file target26.cif (mmCIF, C-alpha atoms)
data_start
#
loop_
_atom_site.label_atom_id
_atom_site.label_comp_id
_atom_site.auth_asym_id
_atom_site.auth_seq_id
_atom_site.Cartn_x
_atom_site.Cartn_y
_atom_site.Cartn_z
CA SER Y 1 101.34 121.19 118.17
CA SER Y 2 98.71 118.89 116.62
CA GLN Y 3 100.04 119.81 113.18
CA PRO Y 4 102.06 117.02 111.53
CA MET Y 5 105.79 117.56 111.11
CA VAL Y 6 107.67 118.53 108.01
CA ILE Y 7 111.13 116.95 108.15
CA LEU Y 8 114.15 118.20 106.22
CA ASP Y 9 116.58 115.38 105.44
CA ALA Y 10 119.70 117.45 104.93
CA PHE Y 11 121.96 114.75 103.45
CA CYS Y 12 119.53 112.48 101.66
CA GLY Y 13 121.88 110.12 99.85
CA CYS Y 14 119.93 107.15 98.54
CA GLY Y 15 116.92 107.88 100.73
CA GLY Y 16 116.90 105.19 103.42
CA ASN Y 17 116.10 107.56 106.28
CA ALA Y 18 113.57 109.57 104.27
CA ILE Y 19 111.74 106.37 103.39
CA ALA Y 20 111.58 105.42 107.07
CA PHE Y 21 110.10 108.83 107.90
CA ALA Y 22 107.59 108.53 105.06
CA LYS Y 23 106.37 105.23 106.53
CA LEU Y 24 105.18 107.12 109.59
CA PRO Y 25 101.50 108.12 109.55
CA PRO Y 26 100.73 111.37 107.68
CA SER Y 27 99.19 112.62 110.92
CA VAL Y 28 102.70 112.53 112.41
CA VAL Y 29 104.90 113.43 109.43
CA SER Y 30 103.22 115.13 106.50
CA HIS Y 31 106.19 115.72 104.18
CA ILE Y 32 109.89 115.07 103.87
CA ILE Y 33 112.17 117.48 102.04
CA CYS Y 34 115.23 115.59 100.80
CA ILE Y 35 118.33 117.55 99.89
CA ASP Y 36 121.49 116.35 98.19
CA VAL Y 37 124.03 117.93 95.86
CA ASP Y 38 124.09 114.81 93.67
CA ARG Y 39 121.11 114.31 91.37
CA THR Y 40 122.17 110.74 90.69
CA LYS Y 41 121.68 109.96 94.39
CA LEU Y 42 118.32 111.75 94.37
CA ARG Y 43 117.18 109.57 91.48
CA LYS Y 44 118.26 106.47 93.38
CA ALA Y 45 116.37 107.74 96.43
CA ALA Y 46 113.24 108.32 94.35
CA HIS Y 47 113.54 104.84 92.87
CA ASN Y 48 113.95 103.30 96.33
CA ALA Y 49 110.94 105.23 97.61
CA SER Y 50 108.86 103.87 94.74
CA ILE Y 51 109.94 100.29 95.55
CA TYR Y 52 108.74 100.78 99.13
CA GLY Y 53 105.39 102.13 97.97
CA ILE Y 54 105.82 105.65 99.33
CA ALA Y 55 103.23 108.10 98.02
CA PRO Y 56 104.94 110.60 95.69
CA ASN Y 57 103.25 113.55 97.41
CA ARG Y 58 105.01 112.75 100.69
CA ILE Y 59 108.59 113.44 99.52
CA ILE Y 60 110.25 116.05 97.34
CA PHE Y 61 113.86 115.82 96.21
CA VAL Y 62 115.88 119.03 96.01
CA GLU Y 63 119.25 119.28 94.30
CA ALA Y 64 121.12 121.83 96.39
CA ASN Y 65 123.80 122.35 99.02
CA SER Y 66 122.17 121.53 102.36
CA VAL Y 67 124.34 123.90 104.40
CA ALA Y 68 123.36 126.79 102.14
CA VAL Y 69 119.66 125.85 102.29
CA MET Y 70 119.60 125.68 106.09
CA GLU Y 71 121.67 128.82 106.60
CA ARG Y 72 120.24 131.07 103.87
CA TYR Y 73 116.65 129.98 103.44
CA TYR Y 74 115.27 129.08 106.86
CA ARG Y 75 115.01 130.83 110.19
CA ASP Y 76 113.01 129.45 113.13
CA GLY Y 77 111.36 126.93 110.84
CA THR Y 78 110.09 129.46 108.32
CA LEU Y 79 111.15 129.97 104.72
CA VAL Y 80 112.63 133.47 104.90
CA MET Y 81 114.08 133.85 101.43
CA ASP Y 82 111.83 133.28 98.45
CA PRO Y 83 113.40 130.75 96.12
CA PRO Y 84 113.44 131.86 92.50
CA GLU Y 85 110.79 130.99 90.03
CA ILE Y 86 111.49 128.09 87.70
CA SER Y 87 114.36 129.17 85.50
CA SER Y 88 116.77 127.55 83.07
CA LYS Y 89 119.58 128.69 85.40
CA TYR Y 90 118.49 126.32 88.13
CA PRO Y 91 118.44 122.51 88.27
CA PRO Y 92 115.61 121.38 86.00
CA ARG Y 93 112.54 119.59 87.29
CA GLU Y 94 111.92 116.02 86.35
CA ILE Y 95 109.51 113.29 87.36
CA TYR Y 96 111.44 110.16 88.23
CA ASP Y 97 109.47 107.06 89.23
CA ASP Y 98 106.56 109.44 89.94
CA PHE Y 99 108.60 111.60 92.35
CA THR Y 100 109.50 115.23 91.69
CA ILE Y 101 113.18 116.15 91.59
CA GLY Y 102 114.22 119.74 91.09
CA GLY Y 103 115.97 122.79 92.48
CA ILE Y 104 115.32 125.15 95.37
CA ASP Y 105 112.22 126.56 93.67
CA LEU Y 106 110.43 123.44 95.00
CA LEU Y 107 110.70 124.86 98.52
CA ASN Y 108 107.96 127.34 97.67
CA GLU Y 109 105.52 124.47 97.24
CA ILE Y 110 106.16 122.20 100.23
CA GLY Y 111 108.99 123.79 102.18
CA GLN Y 112 107.26 126.87 103.58
CA ARG Y 113 108.08 125.52 107.05
CA ILE Y 114 110.23 122.82 108.63
CA ASP Y 115 109.78 121.33 112.09
CA CYS Y 116 112.68 118.89 112.30
CA ILE Y 117 116.06 118.50 110.62
CA PHE Y 118 117.60 115.07 110.25
CA MET Y 119 121.32 115.04 109.44
CA ASP Y 120 123.47 112.08 108.47
CA PRO Y 121 126.39 114.09 107.09
CA PRO Y 122 129.59 112.79 105.48
CA TRP Y 123 131.96 111.73 108.24
CA GLY Y 124 135.17 112.10 106.24
CA GLY Y 125 135.50 108.71 104.58
CA ILE Y 126 136.68 105.50 106.21
CA ASP Y 127 139.44 107.29 108.15
CA TYR Y 128 137.01 108.13 110.95
CA ASN Y 129 137.27 104.54 112.14
CA SER Y 130 141.02 104.79 112.67
CA MET Y 131 140.71 107.54 115.29
CA GLY Y 132 140.07 105.09 118.09
CA LYS Y 133 137.38 104.96 120.75
CA ASP Y 134 135.94 108.43 121.44
CA GLY Y 135 138.51 109.85 119.03
CA TYR Y 136 136.19 111.51 116.50
CA ASP Y 137 136.02 115.23 117.23
CA LEU Y 138 133.17 117.14 115.54
CA ALA Y 139 135.15 120.38 115.24
CA ARG Y 140 138.38 118.80 114.02
CA ASP Y 141 137.28 115.82 111.97
CA MET Y 142 133.94 116.67 110.33
CA LYS Y 143 134.23 119.01 107.36
CA ILE Y 144 131.13 119.73 105.25
CA ARG Y 145 131.52 121.46 101.92
CA GLY Y 146 129.87 124.79 101.43
CA CYS Y 147 129.47 126.54 98.09
CA GLU Y 148 133.00 127.84 97.84
CA ARG Y 149 132.53 129.42 94.43
CA GLY Y 150 128.81 129.89 94.75
CA CYS Y 151 126.23 127.25 93.84
CA ILE Y 152 123.23 127.60 91.59
CA GLY Y 153 120.91 129.93 93.47
CA PHE Y 154 123.38 130.67 96.28
CA PRO Y 155 126.25 133.06 96.94
CA PRO Y 156 129.49 131.48 98.19
CA THR Y 157 129.30 129.82 101.61
CA PRO Y 158 132.34 128.48 103.48
CA GLU Y 159 133.10 124.96 104.61
CA VAL Y 160 131.65 124.16 108.04
CA ASP Y 161 132.64 121.74 110.78
CA GLY Y 162 130.38 119.56 112.93
CA PHE Y 163 129.93 122.29 115.56
CA GLN Y 164 128.86 124.88 113.00
CA LEU Y 165 126.58 122.40 111.25
CA LEU Y 166 124.55 121.77 114.41
CA LYS Y 167 124.33 125.49 115.13
CA ILE Y 168 123.04 126.22 111.61
CA ALA Y 169 120.45 123.43 111.83
CA ALA Y 170 119.23 124.55 115.26
CA ALA Y 171 118.68 128.10 114.03
CA ALA Y 172 116.78 126.86 110.96
CA THR Y 173 114.08 124.95 112.85
CA ARG Y 174 111.05 126.26 114.73
CA THR Y 175 111.23 123.57 117.41
CA ARG Y 176 115.05 123.34 117.39
CA PHE Y 177 114.44 119.60 117.00
CA VAL Y 178 117.57 118.24 115.30
CA VAL Y 179 118.46 114.58 114.85
CA TYR Y 180 122.19 114.08 114.26
CA ASP Y 181 123.58 110.71 113.06
CA LEU Y 182 127.23 110.30 114.01
CA PRO Y 183 130.08 107.78 114.01
CA ARG Y 184 130.19 105.27 116.84
CA ASN Y 185 133.48 106.73 118.10
CA THR Y 186 132.23 110.32 118.37
CA ASN Y 187 133.81 112.07 121.33
CA LYS Y 188 130.93 112.79 123.73
CA ARG Y 189 132.62 115.91 125.15
CA SER Y 190 132.92 117.35 121.66
CA LEU Y 191 129.22 116.59 121.05
CA ALA Y 192 128.26 118.32 124.31
CA GLU Y 193 130.38 121.35 123.42
CA ALA Y 194 128.75 121.50 119.97
CA ALA Y 195 125.31 121.47 121.62
CA LEU Y 196 126.25 124.30 123.99
CA GLU Y 197 127.63 126.35 121.11
CA ALA Y 198 124.37 125.80 119.22
CA GLY Y 199 122.44 127.25 122.16
CA TYR Y 200 121.04 124.07 123.67
CA GLU Y 201 120.63 123.76 127.42
CA GLY Y 202 119.73 120.80 129.60
CA ASN Y 203 119.97 117.20 128.47
CA GLY Y 204 120.28 115.81 124.97
CA LYS Y 205 119.31 112.25 124.08
CA LEU Y 206 121.79 109.76 122.68
CA GLU Y 207 120.89 106.42 121.10
CA GLU Y 208 123.42 103.73 120.33
CA HIS Y 209 122.70 101.37 117.45
CA TYR Y 210 124.03 97.80 117.62
CA ILE Y 211 124.16 95.06 115.01
CA ASN Y 212 125.16 91.59 116.19
CA SER Y 213 126.15 93.08 119.56
CA ARG Y 214 128.55 95.53 117.92
CA LEU Y 215 128.10 99.28 118.16
CA LYS Y 216 127.70 100.76 114.66
CA THR Y 217 126.43 104.36 114.95
CA VAL Y 218 125.01 106.82 117.44
CA THR Y 219 122.12 109.24 117.02
CA ALA Y 220 121.86 112.44 119.03
CA TYR Y 221 118.51 114.19 119.59
CA PHE Y 222 118.43 117.88 120.45
CA GLY Y 223 115.56 120.26 121.14
CA GLN Y 224 112.09 119.24 122.14
CA ASP Y 225 111.87 115.51 122.71
CA PHE Y 226 109.79 114.23 119.81
CA ARG Y 227 111.64 110.92 119.52
CA HIS Y 228 108.45 108.99 120.21
CA LEU Y 229 106.90 110.52 117.10
CA LEU Y 230 109.65 109.05 114.92
CA ASP Y 231 109.27 105.53 116.30
CA LEU Y 232 108.05 103.48 113.34
CA LYS Y 233 107.65 100.24 115.34
CA LYS Y 234 105.47 102.03 117.88
CA HIS Y 235 103.13 103.34 115.17
CA GLN Y 236 102.98 99.95 113.47
CA LYS Y 237 101.92 98.30 116.75
CA GLU Y 238 99.28 100.98 117.31
CA ALA Y 239 97.93 100.45 113.78
CA GLU Y 240 97.80 96.66 114.29
CA GLY Y 241 96.05 97.13 117.64
CA GLY Y 242 93.38 99.28 116.04
CA GLN Y 243 92.48 96.71 113.43
#
call {"tool": "encode", "arguments": {"input": "target26.cif", "output": "structure tokens"}}
result
Amino acid sequence: SSQPMVILDAFCGCGGNAIAFAKLPPSVVSHIICIDVDRTKLRKAAHNASIYGIAPNRIIFVEANSVAVMERYYRDGTLVMDPPEISSKYPPREIYDDFTIGGIDLLNEIGQRIDCIFMDPPWGGIDYNSMGKDGYDLARDMKIRGCERGCIGFPPTPEVDGFQLLKIAAAATRTRFVVYDLPRNTNKRSLAEAALEAGYEGNGKLEEHYINSRLKTVTAYFGQDFRHLLDLKKHQKEAEGGQ
């Protein structure tokens, strides 16, 4: 499609990945929806985005449980459940360093569709590193909190593992384009089994990221191969060549 992508950053944290996406041309990525359960982190992300000169209309910050948002609110890239109108029951809106932070009602304004989901989920603390080479199993070792007692705007949702997380993300996107950041010692068989369970067929793409010749993380790409669209260096070179 010639339409620019809307990316959902499911575990925003302090916004490093969202900022990288927002540096891509608007013709490639129009908006980034950042989700985190911690408003303090969202404020830090908004502050970081302002430092890097990101236009406030490119990113919205949503305080919510990402598993619940992907599972309950999106199907095939379309917003299928209308978020509530602004209400005192839901996380309040605020403008922080010119960026809007609020609750799931913000999805009505920018999140009518999503084309890609980026996930850098919690890996389980520093213990993941003690599991040895290829020892990190997505089903056994990755546990992502749901809304056990119900979150604001959501009924209770159970904890999910790394297999279930990929399956939920794949079902939420129109293109089934999911980018999954994982520990360097992720067991490749477990990743392949997670992909099969999520309904993927054929080849996935796996990138290894090195710093000072040491492997640090891996990134898995599933669905249609749009990796070239997320290549910031490529777009910077093209922009320099056109000047």
call {"tool": "closest_residue", "arguments": {"input": "target26.cif", "among": "Y:Phe99, Y:Phe118, Y:Phe61, Y:Phe21", "to": "Asp9 of chain Y", "atoms": "all atoms listed in the file"}}
result
Y:Phe118
call {"tool": "closest_residue", "arguments": {"input": "target26.cif", "among": "Y:Lys133, Y:Arg176, Y:Arg189, Y:Arg113", "to": "Glu201 of chain Y", "atoms": "only C-alpha atoms"}}
result
Y:Arg176
call {"tool": "residues_around", "arguments": {"input": "target26.cif", "residues": "Leu166 of chain Y", "least_positions_apart": "4", "cutoff": "8 Å", "atoms": "all atoms listed in the file", "output": "list of chain:residue names"}}
result
Y:Gly162, Y:Ala170, Y:Val178, Y:Ala194, Y:Ala195, Y:Ala198
call {"tool": "closest_residue", "arguments": {"input": "target26.cif", "among": "Y:Pro121, Y:Pro4, Y:Gly13, Y:Gly199", "to": "Val67 of chain Y", "atoms": "all atoms listed in the file"}}
result
Y:Pro121
call {"tool": "resolve_selection", "arguments": {"input": "target26.cif", "expression": "the PyMOL selection byres ((chain Y and resi 177) around 8)", "output": "list in words"}}
result
Asp115, Cys116, Ile117, Ala170, Thr173, Arg174, Thr175, Arg176, Val178, Val179, Tyr221, Phe222, Gly223, Gln224, Asp225 and Phe226 of chain Y
call {"tool": "closest_residue", "arguments": {"input": "target26.cif", "among": "Y:Asp36, Y:His47, Y:Trp123, Y:Pro56", "to": "Ala22 of chain Y", "atoms": "only C-alpha atoms"}}
result
Y:Pro56
call {"tool": "closest_residue", "arguments": {"input": "target26.cif", "among": "Y:Lys188, Y:Arg214, Y:Arg58, Y:Arg145", "to": "Ile7 of chain Y", "atoms": "all atoms listed in the file"}}
result
Y:Arg58
call {"tool": "residues_around", "arguments": {"input": "target26.cif", "residues": "Ile110 of chain Y", "least_positions_apart": "2", "cutoff": "8 Å", "atoms": "all atoms listed in the file", "output": "PyMOL selection string"}}
result
chain Y and resi 31+33+60+106-108+112-113
call {"tool": "resolve_selection", "arguments": {"input": "target26.cif", "expression": "the PyMOL selection byres ((chain Y and resi 140) around 10)", "output": "list of chain:residue names"}}
result
Y:Tyr136, Y:Asp137, Y:Leu138, Y:Ala139, Y:Asp141, Y:Met142, Y:Lys143, Y:Asp161, Y:Gly162, Y:Phe163, Y:Ser190
call {"tool": "closest_residue", "arguments": {"input": "target26.cif", "among": "Y:Cys147, Y:Ala192, Y:Val160, Y:Ile19", "to": "Ile51 of chain Y", "atoms": "all atoms listed in the file"}}
result
Y:Ile19
call {"tool": "resolve_selection", "arguments": {"input": "target26.cif", "expression": "the PyMOL selection byres ((chain Y and resi 183) around 12)", "output": "ChimeraX atom specification"}}
result
/Y:120-138,141-142,162,180-182,184-188,191,207-209,215-220
call {"tool": "atom_distance", "arguments": {"input": "target26.cif", "atom1": "atom CA of Glu94 of chain Y", "atom2": "atom CA of Phe11 of chain Y"}}
result
19.9 Å
call {"tool": "atom_distance", "arguments": {"input": "target26.cif", "atom1": "atom CA of Asn48 of chain Y", "atom2": "atom CA of Ile168 of chain Y"}}
result
29.0 Å
call {"tool": "atom_distance", "arguments": {"input": "target26.cif", "atom1": "atom CA of Arg93 of chain Y", "atom2": "atom CA of Cys34 of chain Y"}}
result
14.3 Å
